[in-house]
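Containing PDB, C-alpha atoms, pLDDT in the B column: final03.pdb.
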```
ATOM      1  CA  MET Y1003      98.131 129.351 119.877  1.00 63.00           C
ATOM      2  CA  THR Y1004      96.515 126.849 117.520  1.00 77.00           C
ATOM      3  CA  VAL Y1005      93.805 128.337 115.313  1.00 82.00           C
ATOM      4  CA  ALA Y1006      90.827 126.045 114.714  1.00 90.00           C
ATOM      5  CA  THR Y1007      89.831 125.399 111.121  1.00 93.00           C
ATOM      6  CA  PRO Y1008      87.121 128.001 110.402  1.00 93.00           C
ATOM      7  CA  TRP Y1009      83.678 127.157 109.016  1.00 94.00           C
ATOM      8  CA  PRO Y1010      82.038 129.680 106.657  1.00 94.00           C
ATOM      9  CA  PRO Y1011      78.933 131.472 107.918  1.00 92.00           C
ATOM     10  CA  GLY Y1012      75.531 131.216 106.269  1.00 86.00           C
ATOM     11  CA  ALA Y1013      74.793 129.221 103.109  1.00 85.00           C
ATOM     12  CA  ILE Y1014      75.078 129.724  99.358  1.00 81.00           C
ATOM     13  CA  ASP Y1015      71.447 130.880  99.116  1.00 84.00           C
ATOM     14  CA  GLN Y1016      71.686 133.273 102.068  1.00 86.00           C
ATOM     15  CA  VAL Y1017      73.293 136.679 102.383  1.00 87.00           C
ATOM     16  CA  VAL Y1018      76.103 136.851 104.906  1.00 88.00           C
ATOM     17  CA  GLU Y1019      75.757 138.922 108.055  1.00 91.00           C
ATOM     18  CA  PRO Y1020      78.612 141.468 108.084  1.00 93.00           C
ATOM     19  CA  ARG Y1021      79.403 140.710 111.746  1.00 94.00           C
ATOM     20  CA  LEU Y1022      79.829 136.991 111.023  1.00 95.00           C
ATOM     21  CA  MET Y1023      81.762 137.699 107.846  1.00 95.00           C
ATOM     22  CA  MET Y1024      84.250 139.922 109.641  1.00 96.00           C
ATOM     23  CA  ALA Y1025      84.878 137.275 112.314  1.00 96.00           C
ATOM     24  CA  TYR Y1026      85.260 134.550 109.688  1.00 96.00           C
ATOM     25  CA  LEU Y1027      87.740 136.539 107.602  1.00 97.00           C
ATOM     26  CA  GLU Y1028      89.852 137.225 110.675  1.00 96.00           C
ATOM     27  CA  GLN Y1029      89.900 133.551 111.657  1.00 96.00           C
ATOM     28  CA  LEU Y1030      90.569 132.372 108.100  1.00 97.00           C
ATOM     29  CA  GLY Y1031      93.485 134.788 107.790  1.00 97.00           C
ATOM     30  CA  GLN Y1032      95.003 133.463 111.019  1.00 97.00           C
ATOM     31  CA  TRP Y1033      94.407 129.874 109.921  1.00 97.00           C
ATOM     32  CA  LEU Y1034      96.124 130.480 106.575  1.00 97.00           C
ATOM     33  CA  THR Y1035      99.164 131.983 108.304  1.00 97.00           C
ATOM     34  CA  GLN Y1036      99.354 129.062 110.721  1.00 96.00           C
ATOM     35  CA  ARG Y1037      98.926 126.465 107.973  1.00 96.00           C
ATOM     36  CA  ARG Y1038     101.640 128.056 105.832  1.00 96.00           C
ATOM     37  CA  SER Y1039     104.012 127.953 108.794  1.00 95.00           C
ATOM     38  CA  GLN Y1040     103.214 124.254 109.306  1.00 94.00           C
ATOM     39  CA  LEU Y1041     103.822 123.514 105.630  1.00 95.00           C
ATOM     40  CA  ASP Y1042     107.121 125.399 105.730  1.00 94.00           C
ATOM     41  CA  GLN Y1043     108.197 123.267 108.712  1.00 90.00           C
ATOM     42  CA  LEU Y1044     107.233 120.123 106.824  1.00 91.00           C
ATOM     43  CA  ASP Y1045     109.188 121.360 103.816  1.00 90.00           C
ATOM     44  CA  GLN Y1046     112.306 121.792 105.952  1.00 87.00           C
ATOM     45  CA  ALA Y1047     111.841 118.331 107.464  1.00 83.00           C
ATOM     46  CA  ILE Y1048     111.483 116.764 104.005  1.00 83.00           C
ATOM     47  CA  LEU Y1049     114.675 118.484 102.823  1.00 81.00           C
ATOM     48  CA  ALA Y1050     116.492 116.818 105.725  1.00 72.00           C
ATOM     49  CA  LEU Y1051     115.278 113.331 104.767  1.00 69.00           C
ATOM     50  CA  PRO Y1052     117.801 111.023 103.068  1.00 64.00           C
ATOM     51  CA  GLN Y1053     115.080 109.985 100.611  1.00 67.00           C
ATOM     52  CA  ALA Y1054     112.101 112.289 100.298  1.00 66.00           C
ATOM     53  CA  GLY Y1055     110.180 109.865  98.067  1.00 70.00           C
ATOM     54  CA  SER Y1056     106.482 110.619  97.766  1.00 74.00           C
ATOM     55  CA  ALA Y1057     106.653 113.180 100.575  1.00 83.00           C
ATOM     56  CA  THR Y1058     107.734 115.865  98.101  1.00 86.00           C
ATOM     57  CA  SER Y1059     104.757 115.326  95.797  1.00 87.00           C
ATOM     58  CA  ASP Y1060     102.416 115.186  98.816  1.00 89.00           C
ATOM     59  CA  LEU Y1061     103.817 118.501 100.007  1.00 92.00           C
ATOM     60  CA  MET Y1062     103.287 120.038  96.562  1.00 93.00           C
ATOM     61  CA  LEU Y1063      99.644 118.937  96.676  1.00 93.00           C
ATOM     62  CA  ALA Y1064      99.210 120.387 100.181  1.00 95.00           C
ATOM     63  CA  LEU Y1065     100.758 123.669  99.023  1.00 95.00           C
ATOM     64  CA  SER Y1066      98.468 123.770  95.975  1.00 94.00           C
ATOM     65  CA  VAL Y1067      95.423 123.393  98.202  1.00 95.00           C
ATOM     66  CA  TRP Y1068      96.729 126.135 100.501  1.00 96.00           C
ATOM     67  CA  GLN Y1069      97.298 128.441  97.544  1.00 95.00           C
ATOM     68  CA  ALA Y1070      93.770 127.858  96.229  1.00 95.00           C
ATOM     69  CA  ILE Y1071      92.346 128.729  99.657  1.00 96.00           C
ATOM     70  CA  GLN Y1072      94.592 131.787  99.883  1.00 96.00           C
ATOM     71  CA  ARG Y1073      93.364 133.030  96.506  1.00 95.00           C
ATOM     72  CA  ARG Y1074      89.730 132.622  97.512  1.00 96.00           C
ATOM     73  CA  TYR Y1075      90.517 134.465 100.763  1.00 97.00           C
ATOM     74  CA  GLU Y1076      91.965 137.341  98.724  1.00 97.00           C
ATOM     75  CA  ASP Y1077      88.810 137.353  96.572  1.00 96.00           C
ATOM     76  CA  LEU Y1078      86.695 137.544  99.725  1.00 96.00           C
ATOM     77  CA  LEU Y1079      88.746 140.457 101.058  1.00 97.00           C
ATOM     78  CA  ARG Y1080      88.369 142.272  97.756  1.00 96.00           C
ATOM     79  CA  VAL Y1081      84.570 141.980  97.799  1.00 96.00           C
ATOM     80  CA  TRP Y1082      84.415 142.631 101.558  1.00 95.00           C
ATOM     81  CA  ASP Y1083      86.247 145.946 101.054  1.00 94.00           C
ATOM     82  CA  SER Y1084      86.776 146.527 104.791  1.00 92.00           C
ATOM     83  CA  GLY Y1085      83.072 146.034 105.491  1.00 90.00           C
ATOM     84  CA  ARG Y1086      81.748 148.448 102.879  1.00 92.00           C
ATOM     85  CA  VAL Y1087      79.183 146.007 101.515  1.00 91.00           C
ATOM     86  CA  GLY Y1088      75.629 146.240 100.305  1.00 91.00           C
ATOM     87  CA  LEU Y1089      73.199 143.518  99.361  1.00 91.00           C
ATOM     88  CA  VAL Y1090      74.971 142.738  96.073  1.00 92.00           C
ATOM     89  CA  GLN Y1091      78.322 142.329  97.816  1.00 93.00           C
ATOM     90  CA  GLN Y1092      76.771 140.169 100.533  1.00 92.00           C
ATOM     91  CA  GLN Y1093      75.393 137.861  97.851  1.00 92.00           C
ATOM     92  CA  GLN Y1094      78.792 137.713  96.168  1.00 93.00           C
ATOM     93  CA  LEU Y1095      80.417 136.865  99.492  1.00 94.00           C
ATOM     94  CA  SER Y1096      77.979 133.987  99.982  1.00 93.00           C
ATOM     95  CA  GLN Y1097      78.798 132.688  96.515  1.00 93.00           C
ATOM     96  CA  LEU Y1098      82.533 132.908  97.182  1.00 94.00           C
ATOM     97  CA  LEU Y1099      82.142 131.129 100.507  1.00 95.00           C
ATOM     98  CA  TRP Y1100      80.067 128.219  99.216  1.00 94.00           C
ATOM     99  CA  SER Y1101      80.809 127.816  95.512  1.00 93.00           C
ATOM    100  CA  ARG Y1102      83.565 125.546  94.241  1.00 92.00           C
ATOM    101  CA  LEU Y1103      87.017 127.043  94.114  1.00 90.00           C
ATOM    102  CA  ASP Y1104      87.095 126.380  90.369  1.00 82.00           C
ATOM    103  CA  ASP Y1105      83.815 128.243  89.832  1.00 70.00           C
ATOM    104  CA  THR Y1106      84.867 131.195  87.705  1.00 55.00           C
ATOM    105  CA  THR Y1107      81.418 132.789  87.872  1.00 54.00           C
ATOM    106  CA  ALA Y1108      81.340 133.027  91.691  1.00 54.00           C
ATOM    107  CA  ALA Y1109      81.991 136.754  91.754  1.00 56.00           C
ATOM    108  CA  PRO Y1110      82.881 138.938  88.771  1.00 52.00           C
ATOM    109  CA  GLY Y1111      86.197 140.711  89.034  1.00 54.00           C
ATOM    110  CA  THR Y1112      87.828 138.223  91.419  1.00 52.00           C
ATOM    111  CA  ALA Y1113      91.121 136.487  90.771  1.00 46.00           C
ATOM    112  CA  THR Y1114      89.691 132.982  91.014  1.00 43.00           C
ATOM    113  CA  ALA Y1115      89.060 132.704  87.288  1.00 38.00           C
ATOM    114  CA  SER Y1116      92.769 132.636  86.497  1.00 35.00           C
ATOM    115  CA  ALA Y1117      93.822 130.646  89.550  1.00 38.00           C
ATOM    116  CA  GLN Y1118      94.712 126.992  89.747  1.00 47.00           C
ATOM    117  CA  SER Y1119      91.902 125.822  91.997  1.00 49.00           C
ATOM    118  CA  LEU Y1120      89.816 122.889  93.241  1.00 70.00           C
ATOM    119  CA  SER Y1121      86.426 121.341  92.625  1.00 85.00           C
ATOM    120  CA  THR Y1122      85.552 121.826  96.288  1.00 92.00           C
ATOM    121  CA  ASN Y1123      84.161 124.730  98.234  1.00 94.00           C
ATOM    122  CA  LEU Y1124      86.145 126.697 100.779  1.00 94.00           C
ATOM    123  CA  ALA Y1125      85.052 124.654 103.796  1.00 94.00           C
ATOM    124  CA  GLU Y1126      85.882 121.358 102.078  1.00 95.00           C
ATOM    125  CA  ALA Y1127      89.242 122.687 100.892  1.00 95.00           C
ATOM    126  CA  CYS Y1128      90.179 123.671 104.455  1.00 96.00           C
ATOM    127  CA  ARG Y1129      89.262 120.175 105.677  1.00 95.00           C
ATOM    128  CA  LEU Y1130      91.280 118.673 102.832  1.00 95.00           C
ATOM    129  CA  SER Y1131      94.232 120.826 103.855  1.00 96.00           C
ATOM    130  CA  ASP Y1132      93.879 119.558 107.437  1.00 95.00           C
ATOM    131  CA  ALA Y1133      93.927 115.944 106.259  1.00 94.00           C
ATOM    132  CA  LEU Y1134      96.862 116.415 103.886  1.00 94.00           C
ATOM    133  CA  THR Y1135      98.944 118.229 106.495  1.00 93.00           C
ATOM    134  CA  ALA Y1136      98.255 115.624 109.186  1.00 90.00           C
ATOM    135  CA  GLN Y1137      99.042 112.767 106.800  1.00 88.00           C
ATOM    136  CA  LEU Y1138     102.262 114.411 105.676  1.00 89.00           C
ATOM    137  CA  ALA Y1139     103.354 115.061 109.262  1.00 86.00           C
ATOM    138  CA  SER Y1140     102.680 111.420 110.091  1.00 81.00           C
ATOM    139  CA  THR Y1141     104.554 110.194 107.010  1.00 78.00           C
ATOM    140  CA  ILE Y1142     107.718 112.088 107.893  1.00 78.00           C
ATOM    141  CA  HIS Y1143     107.286 111.513 111.622  1.00 70.00           C
ATOM    142  CA  LEU Y1144     106.462 115.029 112.760  1.00 58.00           C
ATOM    143  CA  THR Y1145     103.531 113.995 114.937  1.00 51.00           C
ATOM    144  CA  PRO Y1146     103.928 114.747 118.680  1.00 53.00           C
ATOM    145  CA  ALA Y1147     104.386 111.039 119.472  1.00 54.00           C
ATOM    146  CA  SER Y1148     107.002 110.505 116.765  1.00 53.00           C
ATOM    147  CA  GLN Y1149     108.851 113.671 117.763  1.00 54.00           C
ATOM    148  CA  GLN Y1150     108.935 112.476 121.373  1.00 60.00           C
ATOM    149  CA  PHE Y1151     110.271 109.107 120.232  1.00 61.00           C
ATOM    150  CA  SER Y1152     112.942 110.815 118.108  1.00 60.00           C
ATOM    151  CA  HIS Y1153     114.019 112.910 121.100  1.00 64.00           C
ATOM    152  CA  ARG Y1154     114.290 109.756 123.214  1.00 75.00           C
ATOM    153  CA  LEU Y1155     116.430 108.043 120.600  1.00 68.00           C
ATOM    154  CA  ALA Y1156     118.676 111.097 120.364  1.00 73.00           C
ATOM    155  CA  GLY Y1157     119.041 111.104 124.150  1.00 79.00           C
ATOM    156  CA  LEU Y1158     119.853 107.399 124.134  1.00 82.00           C
ATOM    157  CA  ARG Y1159     122.548 107.849 121.491  1.00 81.00           C
ATOM    158  CA  ALA Y1160     124.076 110.678 123.544  1.00 84.00           C
ATOM    159  CA  GLN Y1161     124.101 108.456 126.653  1.00 86.00           C
ATOM    160  CA  ILE Y1162     125.859 105.702 124.709  1.00 85.00           C
ATOM    161  CA  GLU Y1163     128.617 108.123 123.747  1.00 87.00           C
ATOM    162  CA  ARG Y1164     128.997 109.215 127.365  1.00 85.00           C
ATOM    163  CA  LEU Y1165     129.224 105.572 128.454  1.00 83.00           C
ATOM    164  CA  ARG Y1166     131.958 104.937 125.898  1.00 83.00           C
ATOM    165  CA  ASP Y1167     133.915 107.836 127.375  1.00 83.00           C
ATOM    166  CA  GLN Y1168     133.364 106.499 130.899  1.00 83.00           C
ATOM    167  CA  VAL Y1169     134.632 103.023 129.992  1.00 80.00           C
ATOM    168  CA  GLU Y1170     138.062 104.502 129.376  1.00 82.00           C
ATOM    169  CA  LEU Y1171     138.194 105.475 133.053  1.00 81.00           C
ATOM    170  CA  GLU Y1172     137.511 101.913 134.244  1.00 82.00           C
ATOM    171  CA  PRO Y1173     140.226  99.386 135.161  1.00 84.00           C
ATOM    172  CA  PRO Y1174     141.551  97.581 132.064  1.00 81.00           C
ATOM    173  CA  ALA Y1175     140.324  94.190 133.302  1.00 80.00           C
ATOM    174  CA  SER Y1176     136.662  95.244 133.239  1.00 78.00           C
ATOM    175  CA  ARG Y1177     136.695  97.336 130.053  1.00 79.00           C
ATOM    176  CA  SER Y1178     136.118  94.450 127.666  1.00 83.00           C
ATOM    177  CA  ASP Y1179     132.831  93.335 129.222  1.00 82.00           C
ATOM    178  CA  LEU Y1180     131.588  96.908 129.602  1.00 81.00           C
ATOM    179  CA  THR Y1181     132.472  97.740 126.016  1.00 84.00           C
ATOM    180  CA  ALA Y1182     130.616  94.662 124.757  1.00 84.00           C
ATOM    181  CA  THR Y1183     127.510  95.649 126.738  1.00 85.00           C
ATOM    182  CA  ILE Y1184     127.603  99.209 125.430  1.00 83.00           C
ATOM    183  CA  GLU Y1185     127.987  98.009 121.848  1.00 86.00           C
ATOM    184  CA  ASP Y1186     124.972  95.716 122.284  1.00 84.00           C
ATOM    185  CA  ILE Y1187     122.952  98.720 123.417  1.00 86.00           C
ATOM    186  CA  ALA Y1188     124.290 100.758 120.494  1.00 85.00           C
ATOM    187  CA  THR Y1189     123.269  98.015 118.051  1.00 86.00           C
ATOM    188  CA  ASP Y1190     119.737  97.877 119.503  1.00 82.00           C
ATOM    189  CA  THR Y1191     119.489 101.667 119.314  1.00 79.00           C
ATOM    190  CA  ALA Y1192     120.589 101.672 115.682  1.00 79.00           C
ATOM    191  CA  GLU Y1193     117.913  99.084 114.867  1.00 77.00           C
ATOM    192  CA  LEU Y1194     115.257 101.177 116.593  1.00 74.00           C
ATOM    193  CA  THR Y1195     116.398 104.242 114.679  1.00 66.00           C
ATOM    194  CA  ALA Y1196     116.202 102.342 111.380  1.00 65.00           C
ATOM    195  CA  LYS Y1197     112.716 101.069 112.187  1.00 65.00           C
ATOM    196  CA  ALA Y1198     111.599 104.595 113.118  1.00 57.00           C
ATOM    197  CA  GLY Y1199     112.904 105.811 109.776  1.00 54.00           C
ATOM    198  CA  ARG Y1200     110.729 103.225 108.018  1.00 53.00           C
ATOM    199  CA  GLY Y1201     107.674 104.285 110.033  1.00 50.00           C
TER
END
```
Output the structure of this file as structure tokens.
Amino acid sequence: MTVATPWPPGAIDQVVEPRLMMAYLEQLGQWLTQRRSQLDQLDQAILALPQAGSATSDLMLALSVWQAIQRRYEDLLRVWDSGRVGLVQQQQLSQLLWSRLDDTTAAPGTATASAQSLSTNLAEACRLSDALTAQLASTIHLTPASQQFSHRLAGLRAQIERLRDQVELEPPASRSDLTATIEDIATDTAELTAKAGRG
């Protein structure tokens, strides 16, 4: 099941309702797990590319954003303390939700101060992660449409090989024309595959 990108409750100048905070933390935790799985899949796809090019640096950026979000999530969990929060903790939670990820004064005692982080708040960082992941998937052709096209090309190449095997069962007089036709199809398929590889 796809987890929607969560939006933090409240605002930086408002205390967070515990009920909303609990629901948000649950959704953010699921989103982080899902996003890490997507990035791991992209990493495997990039490793399989003949030339990774800029995809590797784009992946490193996407992973850095994910790590910054993960660290802020851990800070939130630490302050949340399984729901044992008073007014001070609720204010700290609001600051962690809405302050920049590079704001080292958001909540004393959190790990953010020593973390590599971003000049965006949590909501913006999640949206940035969405955009980076989608762009990376498109670049290396892991979108649903490109995956479908890749499957079709793979099926076409398999059919060509079966046709080559079948030609050997035909009478010798007709093999030459059939072979020429199959090789024309194979050439067209190779061109399509090359174009797909270039995007």
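Among the candidate residues Y:Arg1038, Y:Gly1012, Y:Thr1007, Y:Pro1020, the one lying nearest to Gln1069 (chain Y) is Y:Arg1038, with distances computed using all atoms listed in the file.
When the distance limit is 10 Å and all atoms listed in the file are what count, the residues near Gln1097 (chain Y), minus those fewer than 5 positions from it on the same chain, are Ala1013, Ile1014, Asp1015, Gln1016, Val1017, Val1018, Leu1078, Gln1091, Gln1092, Arg1102, Asp1105, Thr1107, Ala1108, Ala1109 and Asn1123 of chain Y.
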Check your understanding: What do you get, as an NGL selection string, if you spell out every residue that the PyMOL selection byres ((chain Y and resi 1164-1169) around 12) selects here?
Key -> :Y and (1157-1163 or 1170-1185 or 1187-1188)
Review point. What gap, in Å, lies between CA of Pro1010 (chain Y) and CA of Leu1034 (chain Y)?
Key: 14.1 Å
Exercise for review: Please identify all polymer residues within 12 Å of Thr1135 (chain Y), counting all atoms listed in the file, omitting same-chain residues fewer than 3 positions from it, and present them as number ranges by chain.
Suggested key: Y: 1036-1045, 1057, 1060-1068, 1128-1132, 1138-1145
**Study point:** Counting only C-alpha atoms, the residue of Y:Ile1048, Y:Leu1099, Y:Gln1137, Y:Met1023 that sits nearest Trp1082 (chain Y)
**Key:** Y:Met1023
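Minimum atom-to-atom distance to Leu1120 (chain Y), evaluated using only C-alpha atoms, belongs to Y:Ser1101 out of Y:Gln1032, Y:Gln1093, Y:Thr1191, Y:Ser1101.
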Exercise for review: In Å, rounded to a single decimal, give me how far CA of Gln1072 (chain Y) is from CA of Leu1103 (chain Y).
Suggested key: 10.6 Å
Review point. Of the candidates Y:Val1090, Y:Ala1050, Y:Ala1125, Y:Val1005, which shows the shortest atom-to-atom distance to Tyr1075 (chain Y), using all atoms listed in the file?
Key: Y:Ala1125
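Note that the spacing between CA of Leu1022 (chain Y) and CA of Thr1004 (chain Y) amounts to 20.6 Å.
In terms of minimum interatomic distance to Val1087 (chain Y), Y:Glu1019 ranks closest within Y:Asp1104, Y:Glu1126, Y:Glu1019, Y:Glu1028, counting only C-alpha atoms.
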